[in-house]
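Source file: entry18.txt. Holds: compact mmCIF, C-alpha atoms and all ligand atoms.
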# COMPACT_ATOMS: atom_id res chain seq x y z
CA MET A 1 -22.52 13.24 6.21
CA LYS A 2 -20.78 15.28 3.53
CA HIS A 3 -18.48 13.02 1.60
CA ARG A 4 -16.31 15.67 -0.02
CA PRO A 5 -14.69 18.92 1.05
CA PRO A 6 -15.13 21.77 1.69
CA PHE A 7 -16.68 21.38 5.13
CA ALA A 8 -16.16 22.55 8.69
CA LEU A 9 -16.48 20.75 12.03
CA ARG A 10 -16.75 21.93 15.61
CA ALA A 11 -15.16 19.42 18.00
CA ARG A 12 -12.47 18.88 20.53
CA LEU A 13 -9.07 19.04 18.79
CA LEU A 14 -6.09 16.96 19.88
CA SER A 15 -2.91 16.77 17.85
CA PRO A 16 0.87 16.74 18.08
CA LEU A 17 2.45 19.75 16.39
CA ALA A 18 5.48 19.95 14.10
CA ASP A 19 7.34 22.19 16.57
CA GLY A 20 7.10 19.48 19.25
CA GLY A 21 4.13 21.07 20.99
CA LEU A 22 0.58 19.91 21.42
CA LEU A 23 -2.74 21.24 20.16
CA ASP A 24 -5.48 20.73 22.73
CA ALA A 25 -8.64 22.72 22.17
CA ALA A 26 -11.64 21.60 24.21
CA ASP A 27 -13.87 23.47 21.78
CA GLY A 28 -12.31 23.94 18.38
CA LEU A 29 -12.91 24.59 14.71
CA LEU A 30 -11.50 22.53 11.88
CA GLU A 31 -12.13 23.73 8.34
CA ILE A 32 -11.22 21.73 5.25
CA GLY A 33 -10.91 23.54 1.93
CA ALA A 34 -12.09 22.30 -1.45
CA ASP A 35 -8.58 21.04 -2.18
CA GLY A 36 -8.72 18.72 0.85
CA ARG A 37 -6.29 20.76 2.94
CA LEU A 38 -6.82 22.17 6.41
CA THR A 39 -7.61 25.87 6.10
CA ARG A 40 -8.49 26.61 9.75
CA VAL A 41 -7.42 24.79 12.92
CA GLU A 42 -8.18 26.88 15.99
CA PRO A 43 -10.11 27.24 19.22
CA TRP A 44 -13.77 27.96 18.60
CA PRO A 45 -13.72 31.60 17.47
CA GLY A 46 -17.28 32.52 18.43
CA ASP A 47 -20.32 32.49 16.23
CA ALA A 48 -19.49 35.72 14.40
CA GLU A 49 -16.35 34.35 12.78
CA THR A 50 -17.43 30.81 11.99
CA PRO A 51 -18.04 29.39 8.51
CA ALA A 52 -21.59 29.53 7.20
CA SER A 53 -22.08 25.82 7.64
CA VAL A 54 -20.39 24.02 10.47
CA ARG A 55 -21.31 20.73 12.04
CA ASP A 56 -21.00 20.43 15.79
CA ILE A 57 -19.78 16.93 16.65
CA ARG A 58 -18.75 17.55 20.28
CA PRO A 59 -17.85 15.65 22.43
CA LEU A 60 -16.04 13.86 19.61
CA VAL A 61 -12.32 14.48 19.27
CA LEU A 62 -10.70 15.27 15.94
CA MET A 63 -7.18 13.93 15.60
CA PRO A 64 -4.71 13.19 12.82
CA GLY A 65 -5.28 9.79 11.22
CA MET A 66 -2.90 7.11 12.41
CA VAL A 67 0.04 5.94 10.30
CA ASP A 68 0.70 2.18 10.25
CA LEU A 69 4.27 1.67 9.06
CA HIS A 70 4.13 -2.10 8.83
CA ALA A 71 1.34 -4.52 7.89
CA HIS A 72 0.98 -7.67 5.77
CA LEU A 73 -2.22 -7.67 3.73
CA PRO A 74 -2.44 -11.41 2.91
CA GLN A 75 -1.97 -12.33 6.58
CA LEU A 76 -5.08 -10.66 8.00
CA PRO A 77 -7.24 -13.81 8.04
CA ASN A 78 -4.83 -15.48 10.49
CA ALA A 79 -4.49 -12.53 12.89
CA GLY A 80 -4.48 -13.70 16.49
CA LEU A 81 -3.23 -17.21 15.75
CA GLY A 82 0.08 -18.71 16.84
CA SER A 83 1.03 -16.69 19.91
CA GLY A 84 4.44 -17.59 21.33
CA LEU A 85 5.71 -19.53 18.32
CA ASP A 86 9.12 -18.47 17.11
CA LEU A 87 9.15 -16.39 13.94
CA LEU A 88 10.35 -18.99 11.44
CA THR A 89 7.96 -21.71 12.69
CA TRP A 90 5.04 -19.24 12.71
CA LEU A 91 5.83 -18.18 9.14
CA ASP A 92 5.78 -21.79 7.94
CA ARG A 93 2.66 -22.79 9.82
CA TYR A 94 0.35 -19.78 9.65
CA ILE A 95 1.68 -17.34 7.08
CA PHE A 96 3.24 -18.81 3.97
CA PRO A 97 0.12 -20.89 3.15
CA LEU A 98 -1.99 -17.70 3.22
CA GLU A 99 0.49 -15.74 1.15
CA ARG A 100 0.79 -18.53 -1.40
CA ALA A 101 -2.99 -18.47 -1.83
CA TYR A 102 -3.15 -14.66 -2.16
CA ASP A 103 -3.84 -14.54 -5.89
CA ARG A 104 -5.74 -11.80 -7.71
CA GLU A 105 -9.13 -13.30 -6.91
CA VAL A 106 -8.39 -13.53 -3.17
CA ALA A 107 -6.93 -10.02 -3.15
CA GLU A 108 -9.95 -8.58 -4.94
CA ARG A 109 -12.14 -10.06 -2.24
CA GLN A 110 -9.99 -9.31 0.80
CA ALA A 111 -8.15 -6.06 0.11
CA PRO A 112 -11.24 -3.79 0.08
CA ALA A 113 -12.30 -5.27 3.42
CA ALA A 114 -8.77 -4.83 4.78
CA TRP A 115 -8.70 -1.12 3.87
CA ARG A 116 -12.08 -0.65 5.54
CA ALA A 117 -10.77 -2.43 8.66
CA PHE A 118 -7.74 -0.14 8.84
CA ALA A 119 -9.93 2.96 8.45
CA ALA A 120 -12.33 1.67 11.11
CA ALA A 121 -9.37 1.41 13.48
CA GLY A 122 -8.42 5.03 12.79
CA THR A 123 -5.55 4.37 10.39
CA THR A 124 -5.45 6.61 7.32
CA THR A 125 -1.98 5.67 6.03
CA VAL A 126 -0.86 2.04 5.68
CA VAL A 127 2.54 0.73 4.62
CA ALA A 128 1.87 -2.82 3.50
CA TYR A 129 3.52 -5.94 2.19
CA ALA A 130 1.46 -7.83 -0.35
CA ALA A 131 2.45 -11.40 -1.40
CA ILE A 132 5.05 -12.33 -3.99
CA TRP A 133 2.46 -12.28 -6.79
CA PRO A 134 2.34 -9.14 -8.93
CA ASP A 135 -1.29 -9.48 -9.96
CA SER A 136 -2.59 -9.55 -6.39
CA THR A 137 -0.35 -6.58 -5.56
CA ASP A 138 -2.06 -4.78 -8.43
CA ALA A 139 -5.43 -5.72 -6.96
CA ALA A 140 -4.42 -4.36 -3.55
CA PHE A 141 -3.44 -1.05 -5.15
CA GLU A 142 -6.67 -0.92 -7.14
CA ALA A 143 -8.66 -1.47 -3.95
CA ALA A 144 -6.73 1.29 -2.15
CA GLU A 145 -7.25 3.62 -5.09
CA ALA A 146 -11.00 3.05 -4.96
CA HIS A 147 -11.27 3.15 -1.16
CA GLY A 148 -9.38 6.41 -0.69
CA ILE A 149 -6.90 5.36 1.98
CA ARG A 150 -3.28 6.52 1.68
CA ALA A 151 -1.13 3.47 1.00
CA VAL A 152 2.45 2.42 0.38
CA ILE A 153 2.48 -1.14 -0.94
CA GLY A 154 5.07 -3.55 -2.26
CA LYS A 155 5.20 -6.96 -3.84
CA VAL A 156 7.22 -9.23 -1.56
CA MET A 157 10.54 -10.34 -3.06
CA MET A 158 12.10 -13.68 -2.07
CA ASP A 159 14.76 -15.59 -3.97
CA ARG A 160 15.33 -18.01 -1.11
CA LEU A 161 12.67 -20.10 0.66
CA SER A 162 10.11 -18.80 -1.80
CA TYR A 163 6.62 -20.27 -1.68
CA ASP A 164 6.52 -20.02 -5.48
CA THR A 165 7.44 -23.63 -6.17
CA ASP A 166 6.68 -23.50 -9.91
CA ILE A 167 9.32 -21.02 -10.98
CA ASP A 168 12.79 -22.05 -12.14
CA PRO A 169 15.10 -21.01 -9.28
CA GLY A 170 17.48 -19.49 -11.81
CA GLU A 171 14.77 -17.06 -12.92
CA ILE A 172 13.42 -15.87 -9.59
CA LEU A 173 15.70 -12.88 -9.14
CA GLU A 174 15.24 -11.41 -12.58
CA THR A 175 11.49 -12.08 -12.59
CA SER A 176 10.94 -10.51 -9.20
CA LEU A 177 12.96 -7.41 -10.11
CA ARG A 178 11.10 -6.96 -13.39
CA GLN A 179 7.68 -7.41 -11.76
CA SER A 180 8.53 -4.95 -8.99
CA ASP A 181 9.87 -2.45 -11.51
CA GLU A 182 6.63 -2.65 -13.50
CA LEU A 183 4.48 -2.25 -10.40
CA ALA A 184 6.46 0.80 -9.29
CA SER A 185 6.12 2.36 -12.75
CA ARG A 186 2.38 1.83 -12.61
CA TRP A 187 1.63 2.89 -9.05
CA HIS A 188 4.35 5.01 -7.44
CA GLY A 189 2.98 8.54 -7.08
CA ARG A 190 -0.53 7.73 -8.33
CA ASP A 191 -3.28 10.22 -7.37
CA ASP A 192 -0.84 13.04 -6.61
CA GLY A 193 1.22 10.86 -4.31
CA ARG A 194 -1.58 9.19 -2.33
CA LEU A 195 -0.42 5.77 -3.57
CA LEU A 196 3.27 4.97 -3.33
CA TYR A 197 5.46 1.98 -4.05
CA ALA A 198 7.88 0.22 -1.73
CA PHE A 199 10.41 -2.27 -3.06
CA THR A 200 10.02 -5.11 -0.60
CA PRO A 201 12.70 -7.76 -0.20
CA ARG A 202 11.20 -9.71 2.69
CA PHE A 203 14.34 -9.97 4.84
CA ALA A 204 17.91 -11.17 4.62
CA VAL A 205 16.93 -14.79 5.30
CA SER A 206 14.82 -14.93 2.14
CA SER A 207 16.63 -12.44 -0.10
CA SER A 208 20.12 -12.90 -1.52
CA ALA A 209 22.72 -10.14 -1.39
CA GLU A 210 22.09 -9.57 -5.07
CA MET A 211 18.33 -9.21 -4.61
CA LEU A 212 18.88 -6.74 -1.77
CA LYS A 213 21.28 -4.72 -3.89
CA GLU A 214 19.28 -4.72 -7.12
CA SER A 215 16.01 -3.89 -5.38
CA ALA A 216 17.66 -0.98 -3.53
CA SER A 217 19.01 0.42 -6.76
CA LEU A 218 15.58 0.13 -8.42
CA ALA A 219 13.98 1.90 -5.45
CA ALA A 220 16.49 4.74 -5.79
CA ARG A 221 15.80 5.01 -9.51
CA HIS A 222 12.05 5.31 -8.92
CA GLY A 223 12.39 7.57 -5.87
CA ALA A 224 10.33 4.88 -4.14
CA TYR A 225 10.59 3.34 -0.68
CA TRP A 226 12.61 0.29 0.25
CA GLN A 227 11.27 -1.81 3.11
CA THR A 228 12.35 -4.97 4.84
CA HIS A 229 12.61 -6.63 8.27
CA LEU A 230 15.61 -6.23 10.57
CA SER A 231 16.72 -8.00 13.72
CA GLU A 232 13.38 -9.30 14.92
CA ASP A 233 14.11 -12.69 16.43
CA GLY A 234 17.05 -14.76 17.70
CA GLY A 235 16.58 -17.66 15.27
CA GLU A 236 16.34 -15.26 12.37
CA MET A 237 19.51 -13.45 13.43
CA ALA A 238 21.48 -16.70 13.67
CA GLU A 239 20.30 -17.65 10.19
CA VAL A 240 21.35 -14.27 8.77
CA GLY A 241 24.78 -14.74 10.36
CA ARG A 242 25.08 -18.09 8.60
CA LEU A 243 23.88 -16.79 5.21
CA PHE A 244 25.96 -13.59 5.23
CA PRO A 245 29.32 -14.59 6.78
CA GLU A 246 30.97 -11.56 5.21
CA ALA A 247 28.63 -9.08 6.94
CA ARG A 248 29.81 -7.68 10.26
CA ASP A 249 26.24 -7.65 11.65
CA TYR A 250 22.62 -7.83 10.49
CA LEU A 251 22.39 -4.15 9.52
CA ASP A 252 25.50 -4.54 7.38
CA CYS A 253 23.62 -6.91 5.04
CA TYR A 254 21.40 -3.97 4.10
CA GLU A 255 24.12 -1.38 4.34
CA ARG A 256 26.36 -3.06 1.80
CA ALA A 257 23.37 -3.53 -0.51
CA GLY A 258 22.90 0.26 -0.55
CA GLY A 259 19.50 -0.23 1.08
CA LEU A 260 19.74 2.36 3.83
CA GLY A 261 18.57 5.94 3.44
CA SER A 262 15.78 8.40 4.06
CA ARG A 263 13.23 6.34 2.09
CA THR A 264 13.97 3.11 3.92
CA ILE A 265 11.58 1.54 6.44
CA LEU A 266 13.01 -1.21 8.64
CA ALA A 267 10.51 -3.24 10.65
CA HIS A 268 11.27 -4.34 14.23
CA ALA A 269 15.01 -3.60 14.67
CA ILE A 270 14.81 -4.90 18.22
CA HIS A 271 18.17 -6.48 18.92
CA LEU A 272 20.57 -3.84 17.59
CA SER A 273 24.08 -3.26 18.90
CA ALA A 274 25.08 0.29 19.86
CA ASP A 275 27.09 0.45 16.67
CA GLU A 276 24.11 -0.62 14.54
CA VAL A 277 21.94 2.00 16.24
CA GLN A 278 24.44 4.69 15.44
CA ARG A 279 24.86 3.63 11.78
CA LEU A 280 21.12 3.23 11.27
CA VAL A 281 20.50 6.75 12.60
CA ALA A 282 23.33 8.21 10.49
CA SER A 283 21.83 6.63 7.36
CA GLY A 284 18.54 8.51 7.84
CA SER A 285 16.55 5.26 7.72
CA GLY A 286 13.34 4.93 9.72
CA VAL A 287 12.08 2.14 11.93
CA ALA A 288 8.61 0.62 12.20
CA HIS A 289 8.25 -0.34 15.86
CA CYS A 290 5.74 -3.22 16.18
CA PRO A 291 5.45 -3.91 19.91
CA ALA A 292 2.21 -5.92 19.79
CA SER A 293 3.84 -8.28 17.30
CA ASN A 294 7.09 -8.45 19.27
CA LEU A 295 5.22 -9.62 22.37
CA PHE A 296 2.93 -11.97 20.45
CA LEU A 297 5.84 -13.89 18.92
CA SER A 298 8.14 -13.47 21.95
CA SER A 299 10.59 -11.70 19.66
CA GLY A 300 11.92 -9.23 22.19
CA MET A 301 11.50 -5.77 23.66
CA MET A 302 12.80 -2.69 21.88
CA ARG A 303 14.86 -0.32 24.01
CA LEU A 304 12.90 2.55 22.57
CA SER A 305 14.14 5.27 24.91
CA THR A 306 17.76 4.43 23.99
CA TYR A 307 16.90 4.53 20.29
CA ARG A 308 15.06 7.82 20.62
CA ALA A 309 17.91 9.36 22.57
CA ALA A 310 20.21 8.36 19.69
CA GLY A 311 17.97 10.30 17.30
CA MET A 312 16.34 7.38 15.54
CA LYS A 313 13.19 8.03 13.50
CA VAL A 314 10.65 5.59 14.93
CA GLY A 315 6.95 5.22 14.13
CA LEU A 316 4.52 2.42 14.88
CA GLY A 317 3.38 -0.65 12.96
CA SER A 318 0.57 -3.11 13.61
CA ASP A 319 2.46 -5.90 11.82
CA VAL A 320 -0.73 -7.82 11.28
CA ALA A 321 -0.84 -10.75 11.48
CA ALA A 322 2.09 -11.15 13.89
CA GLY A 323 0.40 -8.24 15.61
CA PRO A 324 -3.05 -9.54 16.55
CA ASP A 325 -5.03 -6.50 15.38
CA VAL A 326 -4.86 -3.63 12.95
CA SER A 327 -5.25 -0.89 15.56
CA ILE A 328 -2.32 1.47 16.06
CA PHE A 329 -3.90 2.39 19.40
CA GLY A 330 -3.39 -1.28 20.33
CA ALA A 331 0.25 -0.99 19.28
CA MET A 332 0.60 2.06 21.55
CA ARG A 333 -0.69 0.12 24.51
CA ALA A 334 1.61 -2.84 23.83
CA GLY A 335 4.50 -0.42 23.35
CA SER A 336 3.86 1.28 26.64
CA VAL A 337 3.62 -2.05 28.46
CA THR A 338 6.88 -3.12 26.83
CA GLN A 339 8.69 -0.02 28.10
CA ARG A 340 7.34 -0.62 31.63
CA ALA A 341 8.56 -4.22 31.46
CA LEU A 342 12.02 -3.07 30.38
CA GLU A 343 12.11 -0.74 33.38
CA LEU A 344 11.15 -3.62 35.65
CA THR A 345 14.00 -5.75 34.34
CA GLY A 346 16.41 -2.85 34.87
CA ALA A 347 17.26 -2.74 31.15
CA THR A 348 16.24 0.91 30.92
CA PRO A 349 15.98 3.60 33.61
CA ARG A 350 12.60 4.43 35.08
CA ASP A 351 12.49 7.93 33.67
CA GLY A 352 8.82 8.30 32.83
CA GLU A 353 9.62 9.07 29.23
CA LEU A 354 6.92 8.40 26.65
CA ARG A 355 3.69 9.50 28.20
CA PRO A 356 0.44 8.55 26.44
CA ILE A 357 0.52 11.80 24.47
CA ASP A 358 3.95 10.79 23.14
CA TRP A 359 2.53 7.48 21.98
CA LEU A 360 -0.18 9.34 20.06
CA ARG A 361 2.59 11.34 18.41
CA ALA A 362 4.51 8.13 17.62
CA GLY A 363 1.41 6.71 15.92
CA SER A 364 0.77 9.78 13.79
CA LEU A 365 3.35 12.53 13.21
CA ASP A 366 6.42 10.36 13.92
CA GLY A 367 5.15 7.77 11.45
CA ALA A 368 4.64 10.49 8.84
CA ARG A 369 8.21 11.61 9.51
CA VAL A 370 9.58 8.12 8.86
CA LEU A 371 7.85 8.31 5.46
CA GLY A 372 9.11 11.84 4.78
CA LEU A 373 5.45 12.92 4.61
CA ASP A 374 5.37 15.04 7.77
CA ASP A 375 5.00 18.18 5.66
CA ARG A 376 1.72 16.78 4.30
CA ILE A 377 0.12 14.64 7.01
CA GLY A 378 0.43 13.51 10.64
CA SER A 379 -0.99 16.49 12.52
CA LEU A 380 -3.80 19.01 12.51
CA GLU A 381 -2.03 22.08 11.13
CA VAL A 382 -3.12 24.60 8.52
CA GLY A 383 -1.89 23.70 5.05
CA LYS A 384 -1.67 19.98 5.69
CA GLU A 385 -3.83 17.47 3.87
CA ALA A 386 -6.91 16.56 5.87
CA ASP A 387 -6.05 12.97 6.84
CA ILE A 388 -8.08 13.00 10.03
CA ILE A 389 -10.23 10.90 12.31
CA ALA A 390 -13.14 11.61 14.64
CA VAL A 391 -12.99 9.63 17.87
CA ASP A 392 -15.79 9.32 20.41
CA PRO A 393 -14.04 9.33 23.81
CA ARG A 394 -17.22 8.15 25.53
CA PHE A 395 -16.32 4.64 24.34
CA THR A 396 -13.18 4.78 26.49
CA THR A 397 -14.78 5.63 29.85
CA PRO A 398 -14.85 2.77 32.37
CA LEU A 399 -18.55 3.24 33.08
CA PRO A 400 -21.16 4.24 30.53
CA GLY A 401 -22.41 7.80 30.84
CA ASP A 402 -19.24 9.18 32.44
CA ASP A 403 -17.72 12.33 30.99
CA PRO A 404 -14.45 11.98 29.10
CA PRO A 405 -11.42 13.54 30.87
CA ALA A 406 -10.87 17.27 30.53
CA GLU A 407 -7.07 17.12 30.59
CA ALA A 408 -5.26 16.21 27.38
CA ASP A 409 -2.89 13.83 29.19
CA ASP A 410 -5.80 11.94 30.71
CA LEU A 411 -7.70 11.82 27.44
CA ALA A 412 -4.60 10.47 25.68
CA SER A 413 -4.16 7.89 28.42
CA ARG A 414 -7.72 6.63 27.91
CA LEU A 415 -7.24 6.45 24.13
CA VAL A 416 -4.06 4.41 24.56
CA PHE A 417 -5.02 2.13 27.45
CA ARG A 418 -8.76 1.82 26.89
CA SER A 419 -9.02 2.09 23.12
CA HIS A 420 -12.32 0.62 21.96
CA PRO A 421 -13.00 -1.02 18.58
CA ASN A 422 -15.97 1.29 17.99
CA MET A 423 -14.46 4.57 19.14
CA VAL A 424 -13.37 5.78 15.69
CA ARG A 425 -16.57 7.17 14.17
CA ALA A 426 -15.18 8.67 10.95
CA ALA A 427 -11.97 8.89 8.96
CA TRP A 428 -10.99 11.09 6.02
CA VAL A 429 -8.06 11.29 3.64
CA ARG A 430 -7.68 14.69 1.97
CA GLY A 431 -11.10 15.49 3.37
CA ARG A 432 -12.74 12.57 1.58
CA VAL A 433 -14.56 10.22 3.88
CA LEU A 434 -13.32 6.62 4.06
CA ALA A 435 -15.58 3.58 4.22
CA GLY A 436 -15.07 1.49 7.35
CA PRO A 437 -16.02 3.57 10.39
CA PRO A 438 -19.79 3.95 10.99
CA GLY A 439 -19.81 7.64 10.04
CA LEU A 440 -20.85 10.85 11.76
CA ASP A 441 -24.52 10.18 11.22
CA SER A 442 -24.21 7.37 13.75
CA ILE A 443 -23.37 9.78 16.59
CA GLU A 444 -25.88 10.04 19.40
ZN ZN B 501 6.40 -8.05 9.14

Turn the structure described in the file into structure tokens.
Ligand SMILES: [Zn+2]
Amino acid sequence: MKHRPPFALRARLLSPLADGGLLDAADGLLEIGADGRLTRVEPWPGDAETPASVRDIRPLVLMPGMVDLHAHLPQLPNAGLGSGLDLLTWLDRYIFPLERAYDREVAERQAPAAWRAFAAAGTTTVVAYAAIWPDSTDAAFEAAEAHGIRAVIGKVMMDRLSYDTDIDPGEILETSLRQSDELASRWHGRDDGRLLYAFTPRFAVSSSAEMLKESASLAARHGAYWQTHLSEDGGEMAEVGRLFPEARDYLDCYERAGGLGSRTILAHAIHLSADEVQRLVASGSGVAHCPASNLFLSSGMMRLSTYRAAGMKVGLGSDVAAGPDVSIFGAMRAGSVTQRALELTGATPRDGELRPIDWLRAGSLDGARVLGLDDRIGSLEVGKEADIIAVDPRFTTPLPGDDPPAEADDLASRLVFRSHPNMVRAAWVRGRVLAGPPGLDSIE
């Protein structure tokens, strides 16, 4: 397999489009220029007009790489453990011990494997929380830089309930701000914007009003992202109410800190009032919807159709390790099941919104939009950077040897409801192949 552009592939093409439409070419041509951008995306033009060297990978499907808006790097080793615990108990039992141990040495060992696992699942952009330690955050960035994946990473900030028991409590805030500032200076925008920084106060339970405010102002100064958790779980919400008696609701804790805006990513946001929905949308902030996690921890079910109707920017997150696996296709399936369950309870009308093809869009172009990167990635369109994946739909058929569906809706349905851990055969960022998937030479 060629590891660098330019190259051209003949395959089935399936992609959401910026204008709201869909690209579905049963036999198509994708050409990637030397600069890693898509130069041709079109139905197969016939042999006369094809590039000199083109590799035919049919029946594989070329799609945009998936965008994971919410993941926790140190937590991966405990993925799949603790189903049904409430959030705060689960954090204490399964998560904080792992994060505390995530020092540079652990990160150097685990982060490269984590990036390969994301790529193998078809994810080419990951928005991740590291631990509170700056040196292991550095190691995670270094691993992403070497691997080639597109990544937004932040050192977790906590000045309450911190698992750093050695530091003088009076110094936590200033230390965490300084470390985050240094990391952003070092990494935000690296490799022409492939690596980006997110200031990362964990959530209002563990971050004081001052930490929220100061981190938001640092993020604005760097032009970096600001990410945190919002309204995930009942126990958490009660605790936020106790800690922030002056705030009118959970969102207000972030609003009054100046944290909301177009470079803000809020994870979960399940239990919002109508007023919070409206203010969140007006702020331009985006939401990382993590349905697999929300079911795993019994956190709740997002009324996604209501949010979308209000104009909210929503993409998908795996939220490993509260989400049991790194696959965004898995998140799509959990999300779809969640919406069906809401219909069954009568909480939302049975309107058939969000077909499988819409879930593919949520996992790719909508996620890019939350990041403000939809002009660069998220779909197969000429001029965009070639962050793409090759999927073998034969892995999704119920019986071996069956042909994959001809219709785009049916193909999308199989990818969402019968996603297979081996179906992603290759992944590229800017046309550079990522380690993780087996590679095109493994195709039979
Ligand atoms: Zn999370």

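Between atom CA of Ala238 of chain A and atom CA of Ala269 of chain A lies a distance of 14.6 Å.
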
### Query
Taking into account all atoms listed in the file, which residue in the set A:Ala143, A:Leu297, A:Val382, A:Ala26 is nearest to ligand ZN 501 (chain B)?
A:Leu297

Write out as JSON lines a residue-level contact list of chain A versus ligand ZN 501 (chain B) with cut-off 8 Å: for each qualifying residue the closest pair of atoms and the distance in Å to one decimal, counting all atoms listed in the file, rows sorted by chain and residue number upward.
{"residue": "A:His70", "atom": "CA", "partner": "B:ZN501", "partner_atom": "ZN", "distance": 6.4}
{"residue": "A:Ala71", "atom": "CA", "partner": "B:ZN501", "partner_atom": "ZN", "distance": 6.3}
{"residue": "A:His72", "atom": "CA", "partner": "B:ZN501", "partner_atom": "ZN", "distance": 6.4}
{"residue": "A:Tyr129", "atom": "CA", "partner": "B:ZN501", "partner_atom": "ZN", "distance": 7.8}
{"residue": "A:Thr228", "atom": "CA", "partner": "B:ZN501", "partner_atom": "ZN", "distance": 8.0}
{"residue": "A:His229", "atom": "CA", "partner": "B:ZN501", "partner_atom": "ZN", "distance": 6.4}
{"residue": "A:Ala267", "atom": "CA", "partner": "B:ZN501", "partner_atom": "ZN", "distance": 6.5}
{"residue": "A:His268", "atom": "CA", "partner": "B:ZN501", "partner_atom": "ZN", "distance": 8.0}
{"residue": "A:Asp319", "atom": "CA", "partner": "B:ZN501", "partner_atom": "ZN", "distance": 5.2}
{"residue": "A:Val320", "atom": "CA", "partner": "B:ZN501", "partner_atom": "ZN", "distance": 7.4}
{"residue": "A:Ala322", "atom": "CA", "partner": "B:ZN501", "partner_atom": "ZN", "distance": 7.1}

### Message
Which residues are near segment 171-182 of chain A? Cut-off 12 Å, only C-alpha atoms, ignore same chain within fewer than 4 positions. Put them as a PyMOL selection string.
### Response
chain A and resi 130-138+153-167+186-188+197-202+206-226

Could those residues be written to a file, using C-alpha atoms, as an mmCIF file, in the frame of the given file?
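Heads up, here's the output in out31.cif:
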data_model
loop_
_atom_site.group_PDB
_atom_site.id
_atom_site.type_symbol
_atom_site.label_atom_id
_atom_site.label_comp_id
_atom_site.auth_asym_id
_atom_site.auth_seq_id
_atom_site.Cartn_x
_atom_site.Cartn_y
_atom_site.Cartn_z
ATOM 1 C CA ALA A 130 1.460 -7.830 -0.350
ATOM 2 C CA ALA A 131 2.450 -11.400 -1.400
ATOM 3 C CA ILE A 132 5.050 -12.330 -3.990
ATOM 4 C CA TRP A 133 2.460 -12.280 -6.790
ATOM 5 C CA PRO A 134 2.340 -9.140 -8.930
ATOM 6 C CA ASP A 135 -1.290 -9.480 -9.960
ATOM 7 C CA SER A 136 -2.590 -9.550 -6.390
ATOM 8 C CA THR A 137 -0.350 -6.580 -5.560
ATOM 9 C CA ASP A 138 -2.060 -4.780 -8.430
ATOM 10 C CA ILE A 153 2.480 -1.140 -0.940
ATOM 11 C CA GLY A 154 5.070 -3.550 -2.260
ATOM 12 C CA LYS A 155 5.200 -6.960 -3.840
ATOM 13 C CA VAL A 156 7.220 -9.230 -1.560
ATOM 14 C CA MET A 157 10.540 -10.340 -3.060
ATOM 15 C CA MET A 158 12.100 -13.680 -2.070
ATOM 16 C CA ASP A 159 14.760 -15.590 -3.970
ATOM 17 C CA ARG A 160 15.330 -18.010 -1.110
ATOM 18 C CA LEU A 161 12.670 -20.100 0.660
ATOM 19 C CA SER A 162 10.110 -18.800 -1.800
ATOM 20 C CA TYR A 163 6.620 -20.270 -1.680
ATOM 21 C CA ASP A 164 6.520 -20.020 -5.480
ATOM 22 C CA THR A 165 7.440 -23.630 -6.170
ATOM 23 C CA ASP A 166 6.680 -23.500 -9.910
ATOM 24 C CA ILE A 167 9.320 -21.020 -10.980
ATOM 25 C CA ARG A 186 2.380 1.830 -12.610
ATOM 26 C CA TRP A 187 1.630 2.890 -9.050
ATOM 27 C CA HIS A 188 4.350 5.010 -7.440
ATOM 28 C CA TYR A 197 5.460 1.980 -4.050
ATOM 29 C CA ALA A 198 7.880 0.220 -1.730
ATOM 30 C CA PHE A 199 10.410 -2.270 -3.060
ATOM 31 C CA THR A 200 10.020 -5.110 -0.600
ATOM 32 C CA PRO A 201 12.700 -7.760 -0.200
ATOM 33 C CA ARG A 202 11.200 -9.710 2.690
ATOM 34 C CA SER A 206 14.820 -14.930 2.140
ATOM 35 C CA SER A 207 16.630 -12.440 -0.100
ATOM 36 C CA SER A 208 20.120 -12.900 -1.520
ATOM 37 C CA ALA A 209 22.720 -10.140 -1.390
ATOM 38 C CA GLU A 210 22.090 -9.570 -5.070
ATOM 39 C CA MET A 211 18.330 -9.210 -4.610
ATOM 40 C CA LEU A 212 18.880 -6.740 -1.770
ATOM 41 C CA LYS A 213 21.280 -4.720 -3.890
ATOM 42 C CA GLU A 214 19.280 -4.720 -7.120
ATOM 43 C CA SER A 215 16.010 -3.890 -5.380
ATOM 44 C CA ALA A 216 17.660 -0.980 -3.530
ATOM 45 C CA SER A 217 19.010 0.420 -6.760
ATOM 46 C CA LEU A 218 15.580 0.130 -8.420
ATOM 47 C CA ALA A 219 13.980 1.900 -5.450
ATOM 48 C CA ALA A 220 16.490 4.740 -5.790
ATOM 49 C CA ARG A 221 15.800 5.010 -9.510
ATOM 50 C CA HIS A 222 12.050 5.310 -8.920
ATOM 51 C CA GLY A 223 12.390 7.570 -5.870
ATOM 52 C CA ALA A 224 10.330 4.880 -4.140
ATOM 53 C CA TYR A 225 10.590 3.340 -0.680
ATOM 54 C CA TRP A 226 12.610 0.290 0.250
#

### Pick from A:Asp191, A:Asp35, A:Glu385, A:Asp252, whichever lies nearest to Ala146 of chain A using only C-alpha atoms
A:Asp191

### Task
Excluding segment 277-283 of chain A and residues on its chain fewer than 5 positions from it, collect all residues at most 6 Å away from it, counting all atoms listed in the file, and give them as a ChimeraX atom specification.
/A:260-261,312

### Task
Would you list the contacts of segment 363-374 of chain A as a PyMOL selection string, taking every protein, DNA or RNA residue within 8 Å and counting all atoms listed in the file, but skipping same-chain residues closer than 2 positions in sequence?
chain A and resi 16-18+64-69+262-263+265+285-288+313-316+328-329+332+359-361+376-379
